[in-house]
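Engineer: My structure is in target.txt, and what it holds is compact mmCIF, C-alpha atoms:
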# COMPACT_ATOMS: atom_id res chain seq x y z
CA MET A 19 -8.30 3.44 -40.64
CA THR A 20 -6.19 1.03 -38.59
CA ALA A 21 -7.62 -1.10 -35.80
CA SER A 22 -5.72 0.93 -33.18
CA ALA A 23 -7.10 4.20 -34.54
CA ALA A 24 -10.66 2.86 -34.60
CA ARG A 25 -10.47 1.62 -31.01
CA ARG A 26 -11.84 3.97 -28.39
CA THR A 27 -11.52 3.78 -24.64
CA PRO A 28 -14.06 1.34 -23.15
CA ARG A 29 -16.49 2.68 -20.55
CA ALA A 30 -18.36 0.79 -17.85
CA ASP A 31 -21.46 1.56 -15.79
CA CYS A 32 -21.25 0.10 -12.27
CA THR A 33 -23.98 -1.01 -9.89
CA VAL A 34 -23.33 -2.17 -6.34
CA GLY A 35 -25.71 -4.94 -5.27
CA PRO A 36 -27.25 -5.71 -1.88
CA ASP A 37 -24.57 -8.32 -1.15
CA GLY A 38 -21.71 -5.94 -1.94
CA GLY A 39 -21.11 -7.38 -5.40
CA ILE A 40 -20.47 -5.09 -8.37
CA THR A 41 -21.98 -5.36 -11.86
CA PHE A 42 -19.97 -3.83 -14.71
CA ASP A 43 -21.85 -3.04 -17.95
CA LEU A 44 -19.46 -2.16 -20.79
CA ASP A 45 -20.33 -0.19 -23.90
CA ARG A 46 -18.75 -2.86 -26.08
CA ARG A 47 -20.10 -5.64 -28.29
CA ARG A 48 -18.68 -9.11 -28.67
CA GLU A 49 -18.17 -10.73 -32.02
CA ASP A 50 -19.37 -14.33 -32.42
CA GLY A 51 -16.78 -16.81 -31.27
CA GLU A 52 -14.58 -14.18 -29.61
CA ALA A 53 -14.17 -13.85 -25.87
CA SER A 54 -12.94 -10.93 -23.81
CA GLU A 55 -12.71 -10.42 -20.07
CA LEU A 56 -12.51 -7.74 -17.44
CA LEU A 57 -9.32 -7.63 -15.39
CA LEU A 58 -9.08 -6.13 -11.89
CA ARG A 59 -5.47 -5.52 -10.90
CA LEU A 60 -4.44 -4.74 -7.33
CA ARG A 61 -2.29 -1.63 -7.45
CA GLY A 62 1.26 -2.34 -6.35
CA ALA A 63 0.90 -6.14 -6.45
CA LYS A 64 2.96 -8.45 -8.63
CA SER A 65 1.30 -10.87 -11.03
CA THR A 66 2.58 -13.76 -8.92
CA ASP A 67 0.90 -12.38 -5.79
CA GLY A 68 -2.64 -13.17 -6.93
CA GLY A 69 -3.16 -9.49 -7.66
CA THR A 70 -5.36 -10.04 -10.73
CA VAL A 71 -9.05 -10.98 -10.75
CA ARG A 72 -10.52 -12.20 -14.05
CA LEU A 73 -14.20 -11.65 -14.75
CA PRO A 74 -15.79 -13.19 -17.87
CA LEU A 75 -17.93 -10.90 -20.02
CA SER A 76 -21.35 -12.02 -21.22
CA PRO A 77 -23.56 -10.27 -23.82
CA LEU A 78 -26.77 -8.53 -22.75
CA ARG A 79 -29.91 -8.22 -24.87
CA ASP A 80 -28.92 -4.74 -25.98
CA GLY A 81 -25.55 -6.05 -27.15
CA ARG A 82 -23.43 -4.63 -24.35
CA LEU A 83 -21.13 -6.81 -22.26
CA ARG A 84 -21.56 -7.53 -18.54
CA ALA A 85 -19.17 -8.78 -15.88
CA VAL A 86 -20.03 -9.46 -12.24
CA LEU A 87 -17.76 -9.39 -9.22
CA PRO A 88 -19.66 -11.57 -6.70
CA GLY A 89 -20.23 -10.20 -3.23
CA ALA A 90 -19.17 -13.51 -1.68
CA ARG A 91 -15.74 -13.27 -3.28
CA GLU A 92 -13.22 -11.67 -0.92
CA SER A 93 -10.98 -8.99 -2.41
CA ALA A 94 -7.71 -7.97 -0.82
CA GLU A 95 -7.69 -4.53 0.73
CA GLY A 96 -6.36 -1.84 -1.58
CA ARG A 97 -7.10 -0.14 -4.89
CA TRP A 98 -7.95 -2.31 -7.90
CA ASP A 99 -7.65 -0.81 -11.39
CA VAL A 100 -10.10 -2.05 -14.04
CA TYR A 101 -8.95 -3.14 -17.51
CA LEU A 102 -10.51 -4.73 -20.56
CA ARG A 103 -8.64 -7.52 -22.31
CA GLU A 104 -9.78 -7.44 -25.90
CA PRO A 105 -10.29 -10.67 -27.90
CA GLY A 106 -7.06 -11.98 -29.37
CA THR A 107 -4.78 -10.00 -27.03
CA ASP A 108 -2.78 -10.89 -23.93
CA ASP A 109 -2.89 -9.31 -20.47
CA ASP A 110 -0.13 -6.81 -21.24
CA ALA A 111 -2.29 -5.30 -23.99
CA ALA A 112 -5.33 -4.80 -21.74
CA VAL A 113 -6.71 -1.25 -21.86
CA ALA A 114 -7.89 0.85 -18.94
CA VAL A 115 -11.65 1.30 -18.55
CA GLU A 116 -13.31 4.68 -18.03
CA PRO A 117 -16.04 5.13 -15.39
CA GLY A 118 -19.60 5.60 -16.58
CA ILE A 119 -22.68 5.83 -14.33
CA ARG A 120 -21.98 4.55 -10.82
CA ASP A 121 -25.01 3.43 -8.79
CA LEU A 122 -23.81 3.30 -5.18
CA ARG A 123 -27.12 3.83 -3.39
CA LEU A 124 -27.03 0.53 -1.52
CA LEU A 125 -23.76 1.48 0.15
CA VAL A 126 -25.34 4.36 2.09
CA ASP A 127 -26.15 3.60 5.75
CA ARG A 128 -25.06 0.02 5.29
CA THR A 129 -25.02 -2.36 8.26
CA PRO A 130 -22.62 -5.27 7.77
CA GLY A 131 -23.57 -8.83 8.62
CA ALA A 132 -21.56 -11.47 10.41
CA GLY A 133 -17.97 -12.13 9.42
CA PRO A 134 -15.31 -9.75 8.11
CA VAL A 135 -16.46 -6.28 7.08
CA ALA A 136 -15.91 -6.14 3.31
CA VAL A 137 -16.52 -2.90 1.39
CA ARG A 138 -15.97 -2.27 -2.33
CA ILE A 139 -16.56 1.11 -3.95
CA PRO A 140 -16.07 1.75 -7.70
CA TYR A 141 -14.66 5.23 -8.22
CA PRO A 142 -12.98 7.48 -10.83
CA THR A 143 -9.24 7.99 -10.44
CA LEU A 144 -7.65 11.42 -10.77
CA ASP A 145 -6.60 10.61 -14.33
CA GLY A 146 -10.08 9.49 -15.38
CA ARG A 147 -9.85 5.71 -15.09
CA LEU A 148 -12.15 3.27 -13.29
CA ALA A 149 -10.93 1.62 -10.09
CA VAL A 150 -12.43 -0.20 -7.11
CA ARG A 151 -11.45 0.68 -3.53
CA CYS A 152 -11.64 -2.37 -1.28
CA TRP A 153 -11.50 -2.72 2.48
CA LEU A 154 -11.44 -6.00 4.38
CA ARG A 155 -11.50 -5.56 8.16
CA ALA A 156 -12.01 -8.15 10.90
CA PRO A 157 -12.83 -6.74 13.39
CA HIS A 158 -13.74 -3.18 12.40
CA ALA A 159 -14.40 0.05 14.34
CA GLU A 160 -16.60 2.45 12.33
CA ALA A 161 -16.20 6.11 13.23
CA GLY A 162 -19.32 8.24 13.58
CA ALA A 163 -19.91 11.74 14.89
CA VAL A 164 -16.93 13.88 15.88
CA THR A 165 -17.73 16.74 18.29
CA PHE A 166 -15.80 19.35 20.28
CA ASP A 167 -16.10 21.11 23.59
CA GLY A 168 -13.74 23.45 25.36
CA THR A 169 -11.44 20.71 26.63
CA GLY A 170 -11.55 17.74 24.27
CA ILE A 171 -12.50 16.00 21.02
CA THR A 172 -15.21 13.33 21.36
CA VAL A 173 -15.73 10.52 18.83
CA GLU A 174 -18.69 8.14 18.65
CA ALA A 175 -18.17 4.80 16.92
CA THR A 176 -19.53 1.28 16.35
CA LEU A 177 -17.59 -1.95 16.76
CA TYR A 178 -18.15 -4.99 14.52
CA GLY A 179 -16.71 -8.47 14.80
CA THR A 180 -15.72 -8.49 18.46
CA ASP A 181 -16.78 -7.20 21.89
CA LEU A 182 -15.47 -4.18 23.75
CA GLY A 183 -14.57 -6.33 26.74
CA ALA A 184 -13.50 -5.14 30.15
CA ASP A 185 -11.25 -2.11 30.46
CA ALA A 186 -11.35 -1.23 26.74
CA GLY A 187 -9.58 1.93 25.68
CA VAL A 188 -8.57 4.03 22.71
CA GLU A 189 -4.95 4.82 21.93
CA ALA A 190 -3.77 7.85 20.00
CA ARG A 191 -0.38 6.77 18.71
CA GLN A 192 2.32 9.22 17.69
CA PRO A 193 4.29 8.15 14.60
CA GLY A 194 7.73 6.63 15.00
CA ALA A 195 9.15 3.80 17.03
CA ASP A 196 9.64 6.10 20.04
CA GLY A 197 6.35 7.96 19.60
CA ARG A 198 4.09 8.72 22.52
CA VAL A 199 0.84 6.88 23.16
CA LEU A 200 -2.10 8.65 24.76
CA ARG A 201 -4.62 6.15 26.13
CA VAL A 202 -8.15 7.15 27.14
CA PRO A 203 -11.08 5.04 28.38
CA VAL A 204 -14.16 4.28 26.32
CA THR A 205 -17.80 4.17 27.34
CA GLY A 206 -20.50 2.15 25.64
CA GLN A 207 -22.23 -1.19 25.22
CA ASP A 208 -23.80 -3.45 22.57
CA GLY A 209 -21.20 -2.51 19.98
CA THR A 210 -21.42 1.28 20.29
CA PHE A 211 -18.76 3.25 22.13
CA ALA A 212 -17.41 6.76 22.57
CA PHE A 213 -14.20 8.35 23.80
CA THR A 214 -12.79 11.81 24.43
CA LEU A 215 -9.25 12.97 23.69
CA PRO A 216 -8.32 15.74 26.17
CA LEU A 217 -6.60 18.58 24.37
CA ASP A 218 -4.23 19.46 27.19
CA ARG A 219 -2.68 15.94 27.20
CA LEU A 220 -1.78 15.79 23.52
CA ALA A 221 1.26 18.02 23.31
CA ASP A 222 4.32 17.02 25.33
CA GLY A 223 6.58 20.01 24.96
CA ALA A 224 6.81 22.29 21.94
CA VAL A 225 5.28 21.06 18.66
CA THR A 226 7.61 22.24 15.89
CA ALA A 227 6.36 20.16 12.95
CA GLN A 228 3.14 18.50 11.84
CA GLN A 229 2.38 15.12 13.42
CA LEU A 230 -0.30 12.66 12.25
CA TRP A 231 -1.47 10.50 15.15
CA THR A 232 -3.36 7.27 14.44
CA LEU A 233 -6.38 6.18 16.50
CA TRP A 234 -6.86 2.59 17.66
CA LEU A 235 -9.53 0.88 19.73
CA VAL A 236 -7.97 -1.64 22.10
CA PRO A 237 -10.67 -4.03 23.39
CA GLY A 238 -10.25 -5.57 26.81
CA THR A 239 -10.40 -9.29 27.57
CA ALA A 240 -12.06 -11.33 30.29
CA GLU A 241 -8.70 -11.67 32.03
CA GLY A 242 -8.06 -7.93 31.81
CA GLU A 243 -5.39 -8.36 29.13
CA ARG A 244 -5.10 -6.13 26.08
CA ALA A 245 -6.32 -7.41 22.72
CA ALA A 246 -4.82 -6.36 19.40
CA GLY A 247 -5.67 -2.83 18.33
CA VAL A 248 -8.50 -2.16 15.89
CA ARG A 249 -8.00 0.77 13.52
CA ILE A 250 -10.81 3.34 13.77
CA SER A 251 -12.01 4.18 10.25
CA ARG A 252 -15.11 5.19 8.34
CA ILE A 253 -15.85 2.94 5.37
CA LEU A 254 -19.55 2.01 5.56
CA ASP A 255 -20.88 4.41 2.93
CA ASP A 256 -20.16 5.50 -0.65
CA VAL A 257 -17.17 7.80 0.00
CA TRP A 258 -13.96 6.20 -1.26
CA ASP A 259 -11.61 8.99 -0.13
CA ARG A 260 -12.84 11.33 2.60
CA LYS A 261 -9.53 13.10 3.26
CA LYS A 262 -10.57 16.32 1.51
CA ILE A 263 -14.33 15.90 2.03
CA PHE A 264 -14.60 15.58 5.82
CA VAL A 265 -12.75 18.64 7.07
CA TYR A 266 -12.94 19.56 10.75
CA PRO A 267 -11.85 22.74 12.55
CA GLY A 268 -8.76 22.66 14.70
CA ARG A 269 -8.67 23.32 18.44
CA SER A 270 -5.86 24.82 20.46
CA THR A 271 -4.24 22.52 23.01
CA GLY A 272 -3.26 25.54 25.09
CA GLU A 273 0.42 24.68 24.63
CA GLY A 274 1.09 26.41 21.33
CA ALA A 275 -0.26 23.52 19.22
CA LEU A 276 -3.39 22.96 17.13
CA ALA A 277 -5.21 19.59 17.21
CA THR A 278 -7.44 18.67 14.26
CA PRO A 279 -9.27 15.37 13.59
CA CYS A 280 -8.95 14.25 9.98
CA TYR A 281 -9.17 11.25 7.68
CA SER A 282 -6.38 9.65 5.69
CA THR A 283 -6.69 8.67 2.02
CA ASP A 284 -7.58 5.18 3.31
CA ASN A 285 -10.49 6.64 5.37
CA ASP A 286 -8.70 5.97 8.67
CA LEU A 287 -9.49 8.49 11.40
CA CYS A 288 -6.40 10.40 12.56
CA LEU A 289 -5.48 13.38 14.68
CA ARG A 290 -3.25 16.08 13.18
CA LEU A 291 -1.10 18.00 15.63
CA GLU A 292 0.79 21.05 14.35
CA PRO A 293 2.20 24.37 15.55
CA GLU A 294 -0.54 26.88 16.23
CA PRO A 295 -0.48 29.75 13.72
CA ALA A 296 0.68 33.06 15.13
CA GLY A 297 -2.20 35.34 16.03
Go through the file and emit its structure as structure tokens.
Structural biologist:
Amino acid sequence: MTASAARRTPRADCTVGPDGGITFDLDRRREDGEASELLLRLRGAKSTDGGTVRLPLSPLRDGRLRAVLPGARESAEGRWDVYLREPGTDDDAAVAVEPGIRDLRLLVDRTPGAGPVAVRIPYPTLDGRLAVRCWLRAPHAEAGAVTFDGTGITVEATLYGTDLGADAGVEARQPGADGRVLRVPVTGQDGTFAFTLPLDRLADGAVTAQQLWTLWLVPGTAEGERAAGVRISRILDDVWDRKKIFVYPGRSTGEGALATPCYSTDNDLCLRLEPEPAG
């Protein structure tokens, strides 16, 4: 049997630590004098862009190999695919790693400390490979409960890394350079805030095609000026892609359109506006 035929796909168990670091335990052994390493590659990045993180592998008592991504090490926002570079091979020959057991318990109900909000979640890709979804936000607005009444959609959220300031607001931004912006006030203090999007102000004329509006918190300043917008997202748990998991009902705007809160594949909170179905 050739070496390529004998080789099987490596698999790694992942554990997220209290500091946000990730431990990878591979079901591989290391021969004496040979070294291998785990490669994390940022999807879409070029090799010259610093899009590869190299993690040395060390043997455990049971013979398996372990690599650790420290929590203090910042990772660029995006999706990082995990590869194993076997001893005696170069980076181009690295093989994709399969996901094993993923212990993500410490990500649930997490409260970030001071500094940028950094989140890393190991997850299985659609084609069965191991990847790590990373977010790095400074500041960050974490979406919470989304509720409805007869006239509007209300969102509760928490702000990290900055203050609301005077005259803070939330902007629902229509896509496109000439898109509309619907601004509403926020209420709250000590980092928590809430806002309501009135249904009757969303549609401006007939809605003939689906629109995906983005939601931004715009803190105020002491001088009453507008600060840069903060994207409203939900990333402080163990869900790496909530687009198809958090599904909300739509509400009629009363103008022939249906408004539905939703999440993008990047866990950013959005508002979908589309023609209301007949009947």
Engineer: Rank A:Leu289, A:Ala114, A:Ala94, A:Leu73 by their smallest atom-to-atom distance to Cys152 of chain A, using all atoms listed in the file, and report the top residue only.
Structural biologist: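 Checking each of A:Leu289, A:Ala114, A:Ala94, A:Leu73 against Cys152 of chain A, counting all atoms listed in the file, the winner is A:Ala94.
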Engineer: Within 6 Å of (-12.7, 6.3, 8.2) (file coordinates; all atoms listed in the file), which protein or nucleic acid residues are there? I'd like them as an mmCIF file with C-alpha atoms, in the coordinates of the input.
Structural biologist:
data_model
loop_
_atom_site.group_PDB
_atom_site.id
_atom_site.type_symbol
_atom_site.label_atom_id
_atom_site.label_comp_id
_atom_site.auth_asym_id
_atom_site.auth_seq_id
_atom_site.Cartn_x
_atom_site.Cartn_y
_atom_site.Cartn_z
ATOM 1 C CA SER A 251 -12.010 4.180 10.250
ATOM 2 C CA ARG A 252 -15.110 5.190 8.340
ATOM 3 C CA ILE A 253 -15.850 2.940 5.370
ATOM 4 C CA ASN A 285 -10.490 6.640 5.370
ATOM 5 C CA ASP A 286 -8.700 5.970 8.670
ATOM 6 C CA LEU A 287 -9.490 8.490 11.400
#
Engineer: Rounded to one decimal place, report the atom CA of Leu57 of chain A-atom CA of Leu122 of chain A distance in Å.
Structural biologist: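 Result for atom CA of Leu57 of chain A versus atom CA of Leu122 of chain A: 20.8 Å, one decimal.
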Engineer: Pick from A:Glu160, A:Thr107, A:Tyr178, A:Ile171: nearest to Pro134 of chain A, with only C-alpha atoms counted?
Structural biologist: A:Tyr178
Engineer: From the options A:Val71, A:Leu276, A:Leu233, A:Leu83, which residue's atoms come nearest to Arg47 of chain A, counting all atoms listed in the file?
Structural biologist: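 Smallest separation from Arg47 of chain A among the options: A:Leu83.
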Engineer: Mind pulling up the distance from atom CA of Leu254 of chain A to atom CA of Asp127 of chain A?
Structural biologist: 6.8 Å
Engineer: For atom CA of Gly146 of chain A and atom CA of Cys32 of chain A, quote the distance in Å rounded to one decimal.
Structural biologist: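 Going from atom CA of Gly146 of chain A over to atom CA of Cys32 of chain A, I get 14.9 Å.
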Engineer: Contacts of Glu174 of chain A at 8 Å or less, counting all atoms listed in the file, minus same-chain residues fewer than 4 places along, as a CSV table (one decimal) with C-alpha atoms, keeping the file's coordinate frame?
Structural biologist:
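Now in part-v1.csv:
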chain,number,residue,atom,x,y,z
A,161,ALA,CA,-16.2,6.1,13.2
A,162,GLY,CA,-19.3,8.2,13.6
A,163,ALA,CA,-19.9,11.7,14.9
A,164,VAL,CA,-16.9,13.9,15.9
A,210,THR,CA,-21.4,1.3,20.3
A,211,PHE,CA,-18.8,3.2,22.1
A,212,ALA,CA,-17.4,6.8,22.6
A,213,PHE,CA,-14.2,8.4,23.8
Engineer: Could you work out an axis-aligned bounding box for all listed atoms of segment 220-231 of chain A, with 6 Å added on each of the six sides, and give its centre and edge lengths in Å to one decimal, as AutoDock Vina command-line options?
Structural biologist:
--center_x 2.9 --center_y 16.4 --center_z 18.6 --size_x 21.4 --size_y 23.8 --size_z 25.5
Engineer: Go through A:Gly68, A:Gly133, A:Pro77, A:Gly209 one by one, measure the shortest atom-to-atom distance of each to Pro237 of chain A using only C-alpha atoms, and give the residue with the smallest value.
Structural biologist: A:Gly209
Engineer: Using all atoms listed in the file, which of the listed residues (A:Pro117, A:Val257, A:Arg84, A:Arg155) sits closest to Thr283 of chain A?
Structural biologist: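 For Thr283 of chain A, the nearest of the given residues is A:Val257.
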Engineer: Given all atoms listed in the file as the basis, pick out the residue of A:Val188, A:Leu177, A:Leu58, A:Leu291 nearest to Thr129 of chain A.
Structural biologist: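 With all atoms listed in the file as the atom set, the closest residue is A:Leu177.
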Engineer: Name all residues at most 8 Å from Tyr266 of chain A (count only C-alpha atoms; drop same-chain ones fewer than 5 positions away) and give them as a PyMOL selection string.
Structural biologist: chain A and resi 278-280
Engineer: Within 9 Å of (-16.8, 5.2, -23.3) (file coordinates; only C-alpha atoms), which protein or nucleic acid residues are there? I'd like them as a list in words.
Structural biologist: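 Neighbouring residues, ordered by chain and number, come to Arg26, Thr27, Pro28, Arg29, Ala30, Leu44, Asp45, Arg46, Val115, Glu116, Pro117 and Gly118 of chain A.
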Engineer: Output the selection as a PDB file, in the coordinates of the input - C-alpha atoms for each residue.
Structural biologist:
ATOM      1  CA  ARG A  26     -11.840   3.970 -28.390  1.00  0.00           C
ATOM      2  CA  THR A  27     -11.520   3.780 -24.640  1.00  0.00           C
ATOM      3  CA  PRO A  28     -14.060   1.340 -23.150  1.00  0.00           C
ATOM      4  CA  ARG A  29     -16.490   2.680 -20.550  1.00  0.00           C
ATOM      5  CA  ALA A  30     -18.360   0.790 -17.850  1.00  0.00           C
ATOM      6  CA  LEU A  44     -19.460  -2.160 -20.790  1.00  0.00           C
ATOM      7  CA  ASP A  45     -20.330  -0.190 -23.900  1.00  0.00           C
ATOM      8  CA  ARG A  46     -18.750  -2.860 -26.080  1.00  0.00           C
ATOM      9  CA  VAL A 115     -11.650   1.300 -18.550  1.00  0.00           C
ATOM     10  CA  GLU A 116     -13.310   4.680 -18.030  1.00  0.00           C
ATOM     11  CA  PRO A 117     -16.040   5.130 -15.390  1.00  0.00           C
ATOM     12  CA  GLY A 118     -19.600   5.600 -16.580  1.00  0.00           C
TER      13      GLY A 118
END
Engineer: Taking 3 positions as the minimum chain separation for residues in the same chain, which residues sit within 10 Å of Asp222 of chain A when counting only C-alpha atoms? Answer as JSON, numbers by chain.
Structural biologist: {"A": [198, 218, 219, 225, 273]}
Engineer: Got a sec: who's within 10 Å of Leu125 of chain A, counting all atoms listed in the file, leaving out chain neighbours fewer than 6 positions off, as a PyMOL selection string?
Structural biologist: chain A and resi 34-38+137-139+253-257
Engineer: Can you spit out the residues from that selection as a PDB file, in the frame of the given file, using C-alpha atoms?
Structural biologist:
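That gives us again.pdb:
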ATOM      1  CA  VAL A  34     -23.330  -2.170  -6.340  1.00  0.00           C
ATOM      2  CA  GLY A  35     -25.710  -4.940  -5.270  1.00  0.00           C
ATOM      3  CA  PRO A  36     -27.250  -5.710  -1.880  1.00  0.00           C
ATOM      4  CA  ASP A  37     -24.570  -8.320  -1.150  1.00  0.00           C
ATOM      5  CA  GLY A  38     -21.710  -5.940  -1.940  1.00  0.00           C
ATOM      6  CA  VAL A 137     -16.520  -2.900   1.390  1.00  0.00           C
ATOM      7  CA  ARG A 138     -15.970  -2.270  -2.330  1.00  0.00           C
ATOM      8  CA  ILE A 139     -16.560   1.110  -3.950  1.00  0.00           C
ATOM      9  CA  ILE A 253     -15.850   2.940   5.370  1.00  0.00           C
ATOM     10  CA  LEU A 254     -19.550   2.010   5.560  1.00  0.00           C
ATOM     11  CA  ASP A 255     -20.880   4.410   2.930  1.00  0.00           C
ATOM     12  CA  ASP A 256     -20.160   5.500  -0.650  1.00  0.00           C
ATOM     13  CA  VAL A 257     -17.170   7.800   0.000  1.00  0.00           C
TER      14      VAL A 257
END
